[in-house]
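Below: work29.cif (mmCIF, C-alpha atoms)
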```cif
data_structure
loop_
_atom_site.label_atom_id
_atom_site.label_comp_id
_atom_site.auth_asym_id
_atom_site.auth_seq_id
_atom_site.Cartn_x
_atom_site.Cartn_y
_atom_site.Cartn_z
CA MET G 1 16.92 -4.01 -0.45
CA GLY G 2 14.10 -5.19 1.73
CA GLU G 3 14.73 -8.02 4.15
CA TYR G 4 12.32 -10.97 4.16
CA ARG G 5 10.75 -11.45 7.57
CA LEU G 6 9.60 -14.96 8.30
CA ASP G 7 5.91 -15.25 9.12
CA TYR G 8 5.50 -11.53 9.91
CA LEU G 9 7.47 -11.92 13.10
CA VAL G 10 8.28 -8.69 14.94
CA ARG G 11 9.94 -8.06 18.26
CA ARG G 12 9.13 -5.31 20.73
CA GLY G 13 11.40 -5.29 23.72
CA ARG G 14 11.76 -8.94 24.74
CA GLN G 15 8.39 -10.08 23.43
CA TYR G 16 7.52 -11.36 19.95
CA TYR G 17 4.39 -10.46 18.00
CA PHE G 18 2.58 -11.50 14.84
CA ARG G 19 1.83 -8.42 12.75
CA ARG G 20 0.32 -8.38 9.28
CA ALA G 21 -1.67 -5.92 7.16
CA ILE G 22 -5.26 -6.84 6.35
CA PRO G 23 -6.17 -6.83 2.64
CA SER G 24 -7.69 -3.46 1.74
CA MET G 25 -10.93 -5.05 0.51
CA ALA G 26 -11.50 -6.56 3.97
CA ILE G 27 -10.81 -3.43 6.03
CA PRO G 28 -14.42 -2.13 5.91
CA TYR G 29 -15.66 -5.48 7.22
CA LEU G 30 -13.14 -6.00 10.02
CA ASN G 31 -12.83 -2.28 10.85
CA LYS G 32 -9.06 -2.59 11.21
CA SER G 33 -6.07 -2.25 8.91
CA GLU G 34 -3.77 -4.79 10.50
CA ILE G 35 -3.60 -7.70 12.89
CA LYS G 36 -1.17 -7.53 15.77
CA LEU G 37 -1.10 -10.32 18.33
CA SER G 38 1.25 -11.07 21.20
CA LEU G 39 2.87 -14.49 20.85
CA ARG G 40 3.41 -14.66 24.62
CA THR G 41 7.04 -15.63 24.37
CA ASP G 42 10.54 -14.21 24.24
CA GLN G 43 11.95 -17.39 22.66
CA PRO G 44 12.55 -17.01 18.87
CA ASP G 45 11.99 -20.69 18.03
CA ILE G 46 8.65 -20.78 19.83
CA ALA G 47 7.68 -17.43 18.30
CA ARG G 48 8.41 -18.70 14.78
CA ARG G 49 6.27 -21.80 15.28
CA ARG G 50 3.34 -19.79 16.61
CA CYS G 51 3.70 -17.23 13.84
CA ARG G 52 3.48 -19.96 11.20
CA ILE G 53 0.25 -21.25 12.71
CA ILE G 54 -1.37 -17.80 12.76
CA SER G 55 -0.10 -16.96 9.28
CA ASN G 56 -1.62 -20.16 7.90
CA VAL G 57 -4.95 -19.33 9.55
CA PHE G 58 -4.75 -15.81 8.10
CA GLU G 59 -4.17 -17.03 4.56
CA ARG G 60 -6.80 -19.77 4.74
CA PHE G 61 -9.37 -17.32 6.04
CA PHE G 62 -8.81 -14.67 3.36
CA ASP G 63 -8.38 -17.30 0.67
CA TYR G 64 -11.78 -18.67 1.67
CA CYS G 65 -13.22 -15.16 1.39
CA GLY G 66 -11.65 -14.74 -2.06
CA LEU G 67 -9.21 -12.06 -0.93
CA MET G 68 -5.89 -13.84 -1.48
CA SER G 69 -6.34 -14.95 -5.09
CA GLU G 70 -5.54 -13.30 -8.41
CA LEU G 71 -4.91 -9.57 -8.93
CA PRO G 72 -5.77 -7.73 -12.16
CA ALA G 73 -2.78 -7.43 -14.51
CA ASN G 74 -2.96 -3.63 -14.58
CA VAL G 75 -2.81 -3.54 -10.77
CA ILE G 76 0.30 -5.72 -10.74
CA ASP G 77 1.89 -3.57 -13.44
CA ASN G 78 1.45 -0.50 -11.29
CA ILE G 79 2.81 -2.23 -8.17
CA ILE G 80 5.96 -3.19 -10.11
CA LYS G 81 6.39 0.28 -11.63
CA ASP G 82 5.87 2.01 -8.29
CA TYR G 83 8.51 -0.27 -6.77
CA PHE G 84 10.90 0.53 -9.62
CA ALA G 85 10.41 4.28 -9.14
CA THR G 86 11.21 3.95 -5.43
CA ALA G 87 14.22 1.73 -6.15
CA MET G 88 15.63 4.24 -8.62
CA GLN G 89 15.25 7.04 -6.11
CA GLU G 90 17.27 4.96 -3.65
CA VAL G 91 19.99 4.43 -6.27
CA ARG G 92 20.25 8.14 -6.98
CA GLU G 93 20.58 8.91 -3.25
CA ILE G 94 23.22 6.19 -2.74
CA VAL G 95 25.34 7.47 -5.61
CA LYS G 96 24.92 11.09 -4.58
CA ASP G 97 25.85 10.51 -0.94
CA GLY G 98 28.26 7.60 -1.29
CA VAL G 99 30.32 8.83 -4.22
CA GLY G 100 29.86 12.55 -4.57
CA GLY G 101 28.84 13.57 -1.04
CA PRO G 102 31.02 15.32 1.54
CA ASN G 103 31.94 11.96 3.09
CA PRO G 104 32.04 9.43 0.24
CA GLY G 105 32.06 5.89 1.58
CA ILE G 106 31.81 3.70 -1.52
CA ASP G 107 34.80 1.91 -2.99
CA VAL G 108 33.67 2.15 -6.61
CA ALA G 109 35.85 -0.68 -7.95
CA GLU G 110 34.76 -3.08 -5.22
CA GLU G 111 31.13 -2.00 -5.53
CA LEU G 112 31.15 -2.64 -9.27
CA ILE G 113 32.45 -6.18 -8.75
CA GLY G 114 29.75 -6.88 -6.15
CA THR G 115 27.03 -5.38 -8.34
CA GLU G 116 28.09 -7.52 -11.32
CA LYS G 117 27.85 -10.69 -9.20
CA PHE G 118 24.46 -9.59 -7.89
CA LEU G 119 23.22 -8.96 -11.44
CA LYS G 120 24.27 -12.46 -12.50
CA SER G 121 22.40 -14.00 -9.57
CA LEU G 122 19.25 -11.98 -10.38
CA LYS G 123 19.33 -13.02 -14.04
CA SER G 124 19.84 -16.65 -13.04
CA GLU G 125 16.86 -16.45 -10.69
CA LEU G 126 14.72 -14.87 -13.39
CA ALA G 127 15.71 -17.50 -15.96
CA SER G 128 14.93 -20.38 -13.60
CA ARG G 129 11.81 -18.69 -12.17
CA ASN G 130 12.76 -20.23 -8.85
CA PHE G 131 11.87 -17.12 -6.86
CA GLN G 132 13.95 -16.66 -3.72
CA LEU G 133 12.69 -15.54 -0.32
CA GLY G 134 14.25 -12.10 -0.76
CA THR G 135 12.36 -11.50 -3.99
CA ILE G 136 9.11 -12.79 -2.52
CA GLY G 137 9.53 -10.55 0.53
CA ILE G 138 10.06 -7.45 -1.62
CA ALA G 139 7.09 -8.35 -3.83
CA GLU G 140 4.92 -8.81 -0.76
CA GLY G 141 5.97 -5.51 0.77
CA ALA G 142 5.39 -3.63 -2.48
CA THR G 143 1.93 -5.19 -2.83
CA GLU G 144 0.84 -4.39 0.71
CA ASN G 145 2.18 -0.83 0.42
CA SER G 146 -0.19 -0.41 -2.52
CA GLY G 147 -3.13 -1.57 -0.41
CA TYR G 148 -3.68 -4.94 -2.09
CA PRO G 149 -3.52 -8.50 -0.77
CA PHE G 150 -0.45 -10.48 -1.73
CA PRO G 151 -1.39 -13.16 -4.30
CA LYS G 152 -1.14 -16.76 -3.27
CA LYS G 153 1.98 -18.71 -4.23
CA GLY G 154 1.40 -20.82 -7.32
CA THR G 155 -1.04 -18.39 -8.94
CA ASP G 156 -0.35 -16.57 -12.20
CA SER G 157 -0.48 -13.27 -10.26
CA PHE G 158 2.26 -14.43 -7.90
CA ASP G 159 4.56 -15.48 -10.75
CA TYR G 160 3.92 -12.33 -12.78
CA LEU G 161 4.53 -10.09 -9.77
CA CYS G 162 7.78 -11.80 -8.74
CA GLU G 163 9.02 -11.75 -12.33
CA GLY G 164 8.33 -8.00 -12.52
CA ILE G 165 10.11 -7.32 -9.24
CA LEU G 166 13.16 -9.23 -10.49
CA ARG G 167 13.15 -7.27 -13.75
CA ALA G 168 12.98 -4.04 -11.75
CA LYS G 169 15.91 -5.13 -9.56
CA ILE G 170 17.95 -6.07 -12.65
CA GLU G 171 17.35 -2.66 -14.22
CA GLN G 172 18.08 -0.93 -10.93
CA SER G 173 21.39 -2.79 -10.54
CA ARG G 174 22.42 -2.20 -14.15
CA ILE G 175 21.72 1.53 -13.91
CA TYR G 176 23.48 1.69 -10.53
CA ALA G 177 26.61 0.21 -12.11
CA ALA G 178 26.38 2.68 -15.02
CA MET G 179 26.17 5.61 -12.58
CA LEU G 180 29.16 4.34 -10.63
CA SER G 181 31.13 4.03 -13.89
CA GLY G 182 30.08 7.50 -15.07
CA ASP G 183 28.22 6.02 -18.06
CA TYR G 184 25.20 8.29 -17.80
CA ASP G 185 24.29 7.59 -21.42
CA GLN G 186 23.32 4.12 -20.18
CA ILE G 187 20.99 5.07 -17.33
CA GLU G 188 17.71 5.00 -19.28
CA PRO G 189 15.73 1.75 -18.76
CA LYS G 190 16.42 -0.89 -21.41
CA ASP G 191 13.73 -3.31 -20.29
CA VAL G 192 10.66 -2.53 -22.42
CA PHE G 193 8.45 -2.79 -19.35
CA PHE G 194 10.02 0.31 -17.82
CA LYS G 195 10.53 2.37 -20.97
CA ALA G 196 8.37 5.40 -21.73
CA PRO G 197 5.50 5.62 -22.49
CA ALA G 198 4.80 2.32 -20.68
CA TYR G 199 6.53 3.86 -17.71
CA GLY G 200 5.72 7.51 -18.31
CA THR G 201 4.20 10.11 -16.08
CA TYR G 202 0.54 9.98 -15.28
CA GLU G 203 -0.20 13.05 -17.36
CA GLN G 204 1.04 11.28 -20.51
CA LYS G 205 -1.74 8.70 -20.32
CA THR G 206 -4.46 10.95 -21.69
CA ASN G 207 -6.06 8.18 -23.75
CA PHE G 208 -6.84 6.09 -20.69
CA VAL G 209 -10.44 4.90 -20.48
CA GLY G 210 -11.21 7.08 -17.50
CA SER G 211 -9.63 10.29 -18.72
CA GLU G 212 -12.89 12.24 -19.13
CA ILE G 213 -15.25 10.69 -16.58
CA THR G 214 -15.70 12.84 -13.48
CA VAL G 215 -15.08 12.09 -9.83
CA GLY G 216 -18.76 12.62 -9.05
CA GLU G 217 -19.92 10.19 -11.76
CA LEU G 218 -17.49 7.50 -10.66
CA ALA G 219 -18.26 7.91 -6.96
CA ASP G 220 -21.98 7.51 -7.68
CA LYS G 221 -21.32 4.44 -9.82
CA PHE G 222 -19.07 2.92 -7.16
CA ILE G 223 -21.68 3.37 -4.43
CA LYS G 224 -24.49 2.04 -6.62
CA LEU G 225 -22.57 -1.08 -7.63
CA LYS G 226 -21.33 -1.91 -4.15
CA SER G 227 -24.68 -1.25 -2.48
CA GLY G 228 -26.66 -3.07 -5.15
CA SER G 229 -24.53 -6.22 -4.88
CA ASN G 230 -25.12 -6.49 -1.12
CA GLU G 231 -21.35 -6.35 -0.69
CA TRP G 232 -21.69 -3.66 1.97
CA VAL G 233 -23.51 -3.71 5.26
CA LYS G 234 -25.48 -0.57 6.04
CA LYS G 235 -22.72 1.05 8.13
CA THR G 236 -20.13 0.49 5.39
CA ALA G 237 -22.42 2.10 2.84
CA VAL G 238 -23.01 5.11 5.12
CA ASP G 239 -19.28 5.55 5.71
CA ASN G 240 -18.46 5.35 1.99
CA ILE G 241 -21.17 7.84 1.05
CA ARG G 242 -19.98 10.25 3.74
CA VAL G 243 -16.31 10.00 2.78
CA LEU G 244 -16.87 10.26 -0.96
CA ASN G 245 -19.16 13.26 -0.49
CA TRP G 246 -16.36 14.91 1.48
CA PHE G 247 -13.85 14.06 -1.25
CA LYS G 248 -16.14 15.46 -3.95
CA LEU G 249 -16.52 18.64 -1.92
CA LEU G 250 -12.75 18.93 -1.58
CA VAL G 251 -11.74 18.35 -5.22
CA GLY G 252 -14.99 19.17 -7.02
CA SER G 253 -17.50 16.69 -8.42
CA ASP G 254 -16.83 17.83 -11.98
CA LEU G 255 -13.09 17.19 -11.81
CA SER G 256 -12.09 14.44 -14.26
CA ILE G 257 -10.78 11.32 -12.58
CA SER G 258 -7.60 11.61 -14.68
CA SER G 259 -6.84 14.92 -12.95
CA ILE G 260 -6.63 13.40 -9.45
CA THR G 261 -3.07 13.78 -8.16
CA LYS G 262 -1.04 12.85 -5.11
CA GLY G 263 -1.64 16.41 -3.91
CA HIS G 264 -5.40 15.85 -3.78
CA VAL G 265 -4.87 12.68 -1.74
CA GLU G 266 -2.53 14.50 0.64
CA LYS G 267 -5.09 17.29 1.12
CA PHE G 268 -7.78 14.75 1.91
CA ARG G 269 -5.50 13.07 4.43
CA ASP G 270 -4.84 16.43 6.09
CA LEU G 271 -8.56 17.14 6.13
CA MET G 272 -9.31 13.81 7.83
CA MET G 273 -6.90 14.75 10.60
CA ARG G 274 -8.87 17.95 11.35
CA VAL G 275 -12.51 16.85 11.11
CA PRO G 276 -14.34 17.84 14.33
CA SER G 277 -16.00 14.97 16.14
CA SER G 278 -19.75 14.68 15.38
CA PHE G 279 -19.73 18.20 13.97
CA GLU G 280 -22.99 17.61 12.06
CA LYS G 281 -24.81 17.32 15.41
CA LYS G 282 -23.26 20.32 17.17
CA LYS G 283 -24.90 23.75 17.20
CA GLU G 284 -21.62 25.61 16.90
CA TYR G 285 -21.06 23.97 13.49
CA ALA G 286 -24.60 24.49 12.22
CA GLY G 287 -24.71 25.14 8.49
CA MET G 288 -21.04 24.26 7.97
CA ASN G 289 -19.78 21.63 5.57
CA VAL G 290 -16.79 19.46 6.47
CA LEU G 291 -14.27 21.88 4.95
CA GLN G 292 -15.63 24.82 6.92
CA ALA G 293 -15.92 22.79 10.12
CA ALA G 294 -12.34 21.55 9.86
CA GLU G 295 -11.12 25.08 9.25
CA ALA G 296 -13.07 26.43 12.22
CA LEU G 297 -12.36 23.53 14.64
CA ILE G 298 -14.22 25.48 17.30
CA ASP G 299 -13.99 23.10 20.26
CA GLY G 300 -10.70 21.45 19.31
CA ASN G 301 -12.32 18.03 19.62
CA GLN G 302 -11.36 16.09 16.50
CA ILE G 303 -12.29 12.58 15.44
CA SER G 304 -9.87 9.96 16.71
CA PRO G 305 -6.74 9.03 14.72
CA LYS G 306 -8.24 5.58 14.24
CA THR G 307 -11.40 7.05 12.69
CA SER G 308 -9.34 9.44 10.54
CA ASP G 309 -7.36 6.48 9.27
CA LYS G 310 -10.52 4.47 8.60
CA TYR G 311 -12.05 7.29 6.54
CA PHE G 312 -8.79 7.81 4.64
CA LYS G 313 -8.61 4.10 3.81
CA THR G 314 -12.21 4.31 2.61
CA LEU G 315 -11.08 6.82 -0.01
CA LYS G 316 -8.16 4.53 -0.91
CA GLY G 317 -10.68 1.73 -1.42
CA PHE G 318 -12.52 3.85 -3.97
CA LEU G 319 -9.28 4.73 -5.78
CA ASN G 320 -8.23 1.07 -5.83
CA TRP G 321 -11.57 0.22 -7.40
CA CYS G 322 -10.96 2.89 -10.05
CA VAL G 323 -7.70 1.15 -10.94
CA GLU G 324 -9.32 -2.30 -11.01
CA GLU G 325 -12.05 -1.00 -13.32
CA GLU G 326 -9.37 0.71 -15.46
CA TYR G 327 -10.59 4.25 -14.90
CA LEU G 328 -7.14 5.03 -13.45
CA PRO G 329 -3.75 3.58 -14.43
CA SER G 330 -2.53 3.69 -10.83
CA VAL G 331 -3.56 5.00 -7.42
CA PRO G 332 -2.45 8.63 -6.97
CA GLY G 333 -0.56 8.99 -3.69
CA ALA G 334 -0.51 5.24 -3.15
CA ASN G 335 2.04 5.58 -0.33
CA VAL G 336 0.36 8.52 1.44
CA LYS G 337 -0.73 7.36 4.89
CA ILE G 338 -2.08 8.45 8.25
CA HIS G 339 0.28 7.14 10.88
CA CYS G 340 -1.70 5.92 13.85
CA LYS G 341 -0.13 4.68 17.03
CA ALA G 342 -1.53 1.39 18.17
CA ASN G 343 -3.45 1.38 21.42
CA PRO G 344 -0.93 0.50 24.17
CA GLN G 345 -3.53 -1.80 25.65
CA ASP G 346 -3.25 -3.99 22.58
CA ASP G 347 0.17 -5.24 23.64
CA ARG G 348 -0.91 -6.21 27.13
CA HIS G 349 -3.36 -8.94 26.21
CA PRO G 350 -1.98 -12.45 25.60
CA PHE G 351 -2.88 -14.33 22.44
CA SER G 352 -5.83 -16.62 22.95
CA THR G 353 -8.49 -18.46 20.95
CA PHE G 354 -10.98 -15.81 22.00
CA GLU G 355 -8.78 -13.03 20.62
CA LEU G 356 -8.15 -14.85 17.36
CA ASN G 357 -11.89 -15.34 16.90
CA ALA G 358 -12.41 -11.67 17.72
CA VAL G 359 -9.92 -10.69 15.01
CA TRP G 360 -11.91 -12.51 12.35
CA ARG G 361 -15.16 -11.03 13.63
CA GLY G 362 -13.63 -7.55 13.72
CA ASP G 363 -14.48 -7.04 17.39
CA GLY G 364 -12.44 -3.99 18.24
CA ASP G 365 -8.63 -3.97 18.40
#
```

Can the structure in the file be given as structure tokens, please?
Amino acid sequence: MGEYRLDYLVRRGRQYYFRRAIPSMAIPYLNKSEIKLSLRTDQPDIARRRCRIISNVFERFFDYCGLMSELPANVIDNIIKDYFATAMQEVREIVKDGVGGPNPGIDVAEELIGTEKFLKSLKSELASRNFQLGTIGIAEGATENSGYPFPKKGTDSFDYLCEGILRAKIEQSRIYAAMLSGDYDQIEPKDVFFKAPAYGTYEQKTNFVGSEITVGELADKFIKLKSGSNEWVKKTAVDNIRVLNWFKLLVGSDLSISSITKGHVEKFRDLMMRVPSSFEKKKEYAGMNVLQAAEALIDGNQISPKTSDKYFKTLKGFLNWCVEEEYLPSVPGANVKIHCKANPQDDRHPFSTFELNAVWRGDGD
């Protein structure tokens, strides 16, 4: 589940590209969420060599900036648990459709033999801690889906994350076999890491440190800390203040941070996709706040998908900070996204030293 892709190599038509997500902490500085560069070749061997070069530059750059190092333990825990939840949903769908669906396609006896062999290989890998490329690829995908940079190989974060992913895969495979055998009294997690309350619902964690602090209080603290440390340039500060004011207006400043749900994040995403362009400066929107302006959408001229995505990721940055500071156990709606199509012009330019330098400077797309 989850194929490892060497050096972030992707193919579009006959051409190969390097494509990799930018660590969430760096997005406000580079003003982009991913790097996509043409490798100027349709030859796989050449593409792989060029991808390795760019990937090494990528990692050295963000390692130098301190963005590819250790992750907080609670962040890694949530990445692993989110992956496990997704994996279990996949298992339930496979069993439902492949065994009990209108067109069952699973040979249960053969599947059980294969699953048992797979379980043995996973346990062997976990015991040796010699993490295979498949495990590393899944761990990397799960990390980037959560909006965090993948920890560098050899760090404690890397080892802890890969170990957790393996434990999740072992539990997933064991439960899958139990479902295929009809042993539904064996489908509860046995690994203590995934047992309730360690892997309970968000509402069960009422004693979490941030359970009573409000969204407004935390947003103000976040802005004060980031601005006071000179971590933000002026434009980044302005964008964060704007976005968090909109979020407070949407959910209410007095709402406790523990009450934020995936639904709130989805509503904010939907709002960002309807914000009129420069509405604060237009007479027809005079006196309206962002909620009223988005509802009215008088001229039909909305902010661009790219700007919507940037503002939405700004909110995600705040929520990630709440997790890192242990005000939240995990990011609500971690996988909620705004899907933006890349500018077609991006694919027409060949990779060059100038473009690579522009990527690091954040000069456009």

- Message: Can you pull out the residues contacting range 164-166 of chain G? Cut-off 8 Å, using only C-alpha atoms, and skip same-chain residues under 6 positions away; I want them as a PyMOL selection string.
- Response: chain G and resi 77+80+83-84+122+126+135+138-139

- Task: Using only C-alpha atoms, pick whichever of G:Lys195, G:Arg11, G:Lys281, G:Lys81 has the shortest atom-to-atom distance to Ser330 in chain G.
- Result: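 Under the stated criterion, the closest residue is G:Lys81.
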
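Taking all atoms listed in the file into account, Ser304 in chain G lies nearest to G:Val275 out of the set G:Ser33, G:Lys96, G:Val275, G:Asp254.
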
- Query: Which residues, written as an NGL selection string, have at least one atom at most 7 Å from Val290 in chain G, with only C-alpha atoms counted and residues fewer than 3 positions away on the same chain left out?
  - Reply: :G and (246 or 275 or 293-294)

- Task: Please provide as a PyMOL selection string all residues within 10 Å of Phe18 in chain G, with the sequence filter that same-chain residues fewer than 5 positions apart are discarded (counting all atoms listed in the file).
- Result: chain G and resi 7-11+35-39+47-48+50-52+54-55+351

- Task: Go through G:Ile298, G:Met273, G:Ala21, G:Val95 one by one, measure the shortest atom-to-atom distance of each to Ala178 in chain G using all atoms listed in the file, and give the residue with the smallest value.
- Result: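 Using all atoms listed in the file, Ala178 in chain G sits closest to G:Val95.
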
- Message: Please list as a PyMOL selection string every residue within 12 Å of range 155-159 of chain G, counting only C-alpha atoms and excluding residues in the same chain fewer than 2 positions away.
- Response: chain G and resi 68-77+79-80+126+128-132+135-137+139-140+143+149-153+161-166

- Message: Just checking: using only C-alpha atoms, which residue out of G:Val336, G:Ile223, G:Ala127, G:Ile175 ends up closest to Gln89 in chain G?
- Response: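 Ranking G:Val336, G:Ile223, G:Ala127, G:Ile175 by distance to Gln89 in chain G, first place goes to G:Ile175.
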